[in-house]
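**Q** Sending over a structure as structure tokens; questions will come in a sec.
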Amino acid sequence: MAMNSFEWADATTVEQAAGLLAESTEQRPVIAKAGGIDLLDLMKEGILAPARLVNLKTIHGLDEIDTENGLTLGALVTLDRIDKDPRIRSRYVALSDAAAHAATPQVRNAATIAGNLLQRPRCWYFRHDHFHGEGADEMESRGADQNQHHAILDNDKNAMVHASTPATALVAYDASVELAGRANGSRVVKLSDFFLPPEMQRAHDSGIESGEVMTRVTIPPLNARAKAAYHKQTERESYDWPICDVAVVLTMEGQTVQNASIVMGWVAPTPRRASESERLLIGNRLTDDLARQAAHAAVADATPLSKNGYKVPVLEAVVRRTILAAAVAG
Amino acid sequence: MAESSRSHGPDGSVRSGISRRTFLKHGGTSAVGAALLEAGAAQAAVDSSMQDGANEVLGPGPIPIDLTINGRRVPVQAEPATTLVDILRNHLGLTGTKIGCDRGACSACTVWLDGQPASSCMTLALDARGRSITTIEGLADGDNLHPVQQAFVEHDALQCGFCTPGMVMSCAALINRKPDAGIEDVKAAISGHLCRCGTYPNIFAAVLAVASENRRRGT
Ligand SMILES: Cc1cc2nc3c(=O)[nH]c(=O)nc-3n(C[C@H](O)[C@H](O)[C@H](O)COP(=O)(O)OP(=O)(O)OC[C@H]3O[C@@H](n4cnc5c(N)ncnc54)[C@H](O)[C@@H]3O)c2cc1C
Ligand code: FES
Ligand code: FES
């Protein structure tokens, strides 16, 4: 399907972009464009028909990586730069690996971190214009027949999963996003509070408001002894969307786990913490058996749908292996 | 490739008798010329009623932009909704770049933007302003094929050839960035490419041969 025609404005400052975006109405949608990858996907499918795009890539200073105090990524930093930056790789390896395994090299060269976090679900009902319209949300929920890739946890109302895989690592590192609007200045929101369960008829799967520009993604400083690992499980070896992905950040005192953050993607509507697994690990000596128990706890509440029961044992295995991989990470 | 058809290039590398002309579709140059004239006569279609302070609003109709393609400045007419691959193939006749999925998922449309592989089907033409675009037509140096192109010929790394221009662009970018690339590098570099003919093993062999030649020569 050919894209509709639209206008284009190159923004040079965040305020300008926010001002232009605030002009958006239902009849004349004005939409921010970063790398443009998800926008092109949606426009080509006829799911999005903007009247105007506001180009954020012409804004200076939004593409910086700063490792002074924790990690600060400008909204326009690409997934490829996150993958290749040696400072990020040495301190935030789960994020580097998540970026390295997202999409294709070509897409990673264009895709920005803000656009990645704000991309829409990959659910094949959502991605097909035929399924948009009256009753879409009911159809998409647990009733959807082709639910192989849907959520196995927290899926009683919405079963679509959030698409971003870097988000899994970012939530494990307790990241926040900074949003700037024209009138109300800027605000900082924890990523774990930012995402909303995807719905067919909402324009975003997050708390971003109309007229807001995401300016930064920040990670607080890590404990010097923190170790981390990330694993994205796919059906094939070359690039693919995940069955599930898992990020684990552990702070170890010898063999004992002092602190644990375990986050699972593509198994719940938004990246989900395995809180019970974390609780089992903290204060205990990490053994194969403890990792097994923790992984079991991660899937204890699973309520698989008609065609995604296979995800349960896959997730359990990936949680167990990623905990063990984090414990021996450099 | 028969040994007798090989010769040594000026840099000492082995070359086959196949030239860039028979390996790649020899097109584009004249179409680029035609577009140059067309753009010269075009009017700026900026909708001034839509201007908001310092922001000039472009489109939705075609607007004149300059692109740098294979080292030449090329004026074209592009709507904001026009993709780079559309400009290359349909406006400029540079049909070496292919369209498979049109969704970023097969990499047949791979070109370089500032030397880095990009899916031209997922790149808006306006986003290519100010960047150096390299297509398969611009990869060879005159009649001297890029070593990766040459190796594809020698290792029979193509069947129907549809995925080949994109594969070559990704593999050549890899060799330029990492002359002694190993198998894992090659697999990663083409991880976004689909070849329906299954030429992957020969592509690996071709790129690894270039890498081992580079290693032997200490580059
Ligand atoms: C073949 C393929 C495979 C893929 N595989 C993966 C994968 O494995 N994992 C994964 O996570 N993703 C994957 N993706 C998705 C891809 O990573 C996203 O489409 C991309 O990251 C979006 O980023 P962008 O900069 O191109 O965003 P855009 O398309 O420019 O924007 C996306 C959304 O974010 C908004 N936006 C962007 N920046 C800002 C900002 N600063 N402020 C406010 N709003 C903003 C836009 O308005 C739009 O709504 C894949 C895509 C393809 C085509
Ligand atoms: S045609 Fe562009 S990636 Fe398939
Ligand atoms: S050679 Fe036919 S698609 Fe690759």
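Just so we're on the same page: first chain in the structure tokens is A, next is B, and so on; residues restart at 1 for each chain, and ligands are numbered from 1 in the order they show up.
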Residues of chain B no more than 10 Å from chain A, counting only C-alpha atoms: send them over as number ranges by chain.
**A** B: 46-47, 50-62, 79-83, 102-107, 109-113, 116-124, 126-127, 170, 187-194
**Q** Using DSSP assignments from the backbone, pull out every residue in segment 116-206 of chain B that falls under strand (DSSP E) and give it to me as a list in words.
**A**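 So the strand (DSSP E) residues in segment 116-206 of chain B would be Gln116, Pro117, Ala118, Ser119, Ser132, Ile133 and Thr134 of chain B.
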**Q** List as a count of residues only the protein and nucleic acid residues lying within 10 Å of ligand 3, with only C-alpha atoms and all ligand atoms counted.
**A** 24
**Q** As a PyMOL selection string, please: the residues near Ile323 of chain A (cut-off 9 Å, only C-alpha atoms, same-chain neighbours under 4 positions excluded).
**A** chain A and resi 228-229+247-250+262+291+294-295+318-319+327
**Q** Export N, CA, C and O atoms of the chosen residues as a PDB file, in the first residue's frame?
**A**
```
ATOM      1  N   ALA A 228      25.624  -8.312  34.686  1.00  0.00           N
ATOM      2  CA  ALA A 228      24.352  -8.388  33.968  1.00  0.00           C
ATOM      3  C   ALA A 228      24.444  -9.304  32.758  1.00  0.00           C
ATOM      4  O   ALA A 228      25.538  -9.585  32.251  1.00  0.00           O
ATOM      5  N   ALA A 229      23.300  -9.767  32.319  1.00  0.00           N
ATOM      6  CA  ALA A 229      23.226 -10.555  31.083  1.00  0.00           C
ATOM      7  C   ALA A 229      21.861 -10.333  30.436  1.00  0.00           C
ATOM      8  O   ALA A 229      20.890  -9.942  31.103  1.00  0.00           O
ATOM      9  N   ALA A 247      16.359  -9.860  30.750  1.00  0.00           N
ATOM     10  CA  ALA A 247      17.547  -9.131  31.206  1.00  0.00           C
ATOM     11  C   ALA A 247      17.674  -9.335  32.715  1.00  0.00           C
ATOM     12  O   ALA A 247      16.680  -9.261  33.439  1.00  0.00           O
ATOM     13  N   VAL A 248      18.892  -9.609  33.158  1.00  0.00           N
ATOM     14  CA  VAL A 248      19.146  -9.843  34.588  1.00  0.00           C
ATOM     15  C   VAL A 248      20.311  -8.971  35.031  1.00  0.00           C
ATOM     16  O   VAL A 248      21.367  -8.957  34.386  1.00  0.00           O
ATOM     17  N   VAL A 249      20.115  -8.218  36.102  1.00  0.00           N
ATOM     18  CA  VAL A 249      21.208  -7.447  36.716  1.00  0.00           C
ATOM     19  C   VAL A 249      21.344  -7.944  38.155  1.00  0.00           C
ATOM     20  O   VAL A 249      20.375  -7.887  38.925  1.00  0.00           O
ATOM     21  N   LEU A 250      22.518  -8.430  38.513  1.00  0.00           N
ATOM     22  CA  LEU A 250      22.751  -8.963  39.862  1.00  0.00           C
ATOM     23  C   LEU A 250      23.872  -8.193  40.534  1.00  0.00           C
ATOM     24  O   LEU A 250      24.833  -7.795  39.876  1.00  0.00           O
ATOM     25  N   ILE A 262      15.281  -8.694  37.577  1.00  0.00           N
ATOM     26  CA  ILE A 262      15.026  -9.641  36.479  1.00  0.00           C
ATOM     27  C   ILE A 262      13.808  -9.149  35.706  1.00  0.00           C
ATOM     28  O   ILE A 262      12.735  -8.975  36.289  1.00  0.00           O
ATOM     29  N   ALA A 291      18.786 -21.076  40.932  1.00  0.00           N
ATOM     30  CA  ALA A 291      18.397 -20.460  39.656  1.00  0.00           C
ATOM     31  C   ALA A 291      17.181 -21.187  39.072  1.00  0.00           C
ATOM     32  O   ALA A 291      16.258 -20.562  38.531  1.00  0.00           O
ATOM     33  N   ALA A 294      14.141 -20.096  41.025  1.00  0.00           N
ATOM     34  CA  ALA A 294      13.767 -18.718  40.668  1.00  0.00           C
ATOM     35  C   ALA A 294      13.078 -18.691  39.303  1.00  0.00           C
ATOM     36  O   ALA A 294      12.081 -17.978  39.100  1.00  0.00           O
ATOM     37  N   ALA A 295      13.597 -19.463  38.361  1.00  0.00           N
ATOM     38  CA  ALA A 295      13.003 -19.504  37.020  1.00  0.00           C
ATOM     39  C   ALA A 295      11.601 -20.103  37.080  1.00  0.00           C
ATOM     40  O   ALA A 295      10.675 -19.648  36.395  1.00  0.00           O
ATOM     41  N   VAL A 318      14.949 -19.654  29.701  1.00  0.00           N
ATOM     42  CA  VAL A 318      15.739 -18.451  29.414  1.00  0.00           C
ATOM     43  C   VAL A 318      16.006 -17.667  30.709  1.00  0.00           C
ATOM     44  O   VAL A 318      17.103 -17.138  30.908  1.00  0.00           O
ATOM     45  N   VAL A 319      15.025 -17.627  31.614  1.00  0.00           N
ATOM     46  CA  VAL A 319      15.251 -16.942  32.896  1.00  0.00           C
ATOM     47  C   VAL A 319      16.384 -17.650  33.652  1.00  0.00           C
ATOM     48  O   VAL A 319      17.325 -17.010  34.125  1.00  0.00           O
ATOM     49  N   ALA A 327      25.581 -14.097  36.614  1.00  0.00           N
ATOM     50  CA  ALA A 327      26.442 -14.353  37.777  1.00  0.00           C
ATOM     51  C   ALA A 327      27.905 -14.516  37.380  1.00  0.00           C
ATOM     52  O   ALA A 327      28.796 -14.178  38.152  1.00  0.00           O
TER      53      ALA A 327
END
```
**Q** Just asking: which residues within segment 133-309 of chain A are alpha helix (DSSP H) according to DSSP, as a PDB file with C-alpha atoms, in the first residue's frame?
**A**
```pdb
ATOM      1  CA  ALA A 136     -11.057  -4.073  17.693  1.00  0.00           C
ATOM      2  CA  ASP A 137      -9.988  -4.215  21.311  1.00  0.00           C
ATOM      3  CA  GLU A 138     -12.391  -7.018  22.237  1.00  0.00           C
ATOM      4  CA  MET A 139     -11.307  -8.987  19.204  1.00  0.00           C
ATOM      5  CA  GLU A 140      -7.638  -8.447  19.977  1.00  0.00           C
ATOM      6  CA  PRO A 166      15.917  -2.800  24.414  1.00  0.00           C
ATOM      7  CA  ALA A 167      13.119  -1.841  26.852  1.00  0.00           C
ATOM      8  CA  THR A 168      13.593  -5.167  28.653  1.00  0.00           C
ATOM      9  CA  ALA A 169      17.202  -4.293  29.472  1.00  0.00           C
ATOM     10  CA  LEU A 170      16.408  -0.657  30.231  1.00  0.00           C
ATOM     11  CA  VAL A 171      13.716  -1.597  32.772  1.00  0.00           C
ATOM     12  CA  ALA A 172      16.167  -4.034  34.413  1.00  0.00           C
ATOM     13  CA  LEU A 191      10.282   3.461  32.242  1.00  0.00           C
ATOM     14  CA  SER A 192       8.536   0.818  34.356  1.00  0.00           C
ATOM     15  CA  ASP A 193       5.721   3.342  35.010  1.00  0.00           C
ATOM     16  CA  PHE A 194       5.781   4.789  31.485  1.00  0.00           C
ATOM     17  CA  SER A 275       9.582 -10.073  41.493  1.00  0.00           C
ATOM     18  CA  GLU A 276       9.113 -13.453  43.126  1.00  0.00           C
ATOM     19  CA  SER A 277      12.258 -14.759  41.408  1.00  0.00           C
ATOM     20  CA  GLU A 278      14.214 -11.730  42.598  1.00  0.00           C
ATOM     21  CA  ARG A 279      12.969 -12.323  46.155  1.00  0.00           C
ATOM     22  CA  LEU A 280      14.109 -15.952  46.043  1.00  0.00           C
ATOM     23  CA  LEU A 281      17.610 -14.967  44.944  1.00  0.00           C
ATOM     24  CA  ASP A 288      22.084 -24.075  39.770  1.00  0.00           C
ATOM     25  CA  ASP A 289      19.277 -25.272  41.972  1.00  0.00           C
ATOM     26  CA  LEU A 290      18.405 -21.776  43.236  1.00  0.00           C
ATOM     27  CA  ALA A 291      18.397 -20.460  39.656  1.00  0.00           C
ATOM     28  CA  ARG A 292      16.047 -23.301  38.736  1.00  0.00           C
ATOM     29  CA  GLN A 293      13.674 -22.398  41.585  1.00  0.00           C
ATOM     30  CA  ALA A 294      13.767 -18.718  40.668  1.00  0.00           C
ATOM     31  CA  ALA A 295      13.003 -19.504  37.020  1.00  0.00           C
ATOM     32  CA  HIS A 296      10.126 -21.719  38.071  1.00  0.00           C
ATOM     33  CA  ALA A 297       8.708 -18.871  40.149  1.00  0.00           C
ATOM     34  CA  ALA A 298       8.915 -16.560  37.110  1.00  0.00           C
TER      35      ALA A 298
END
```
**Q** May I ask which of the residues A:Gly207, A:Pro29, A:Gly46, A:Gly74 is the closest one to Leu118 of chain A, counting only C-alpha atoms?
**A**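 Comparing A:Gly207, A:Pro29, A:Gly46, A:Gly74 against Leu118 of chain A, the winner is A:Gly207.
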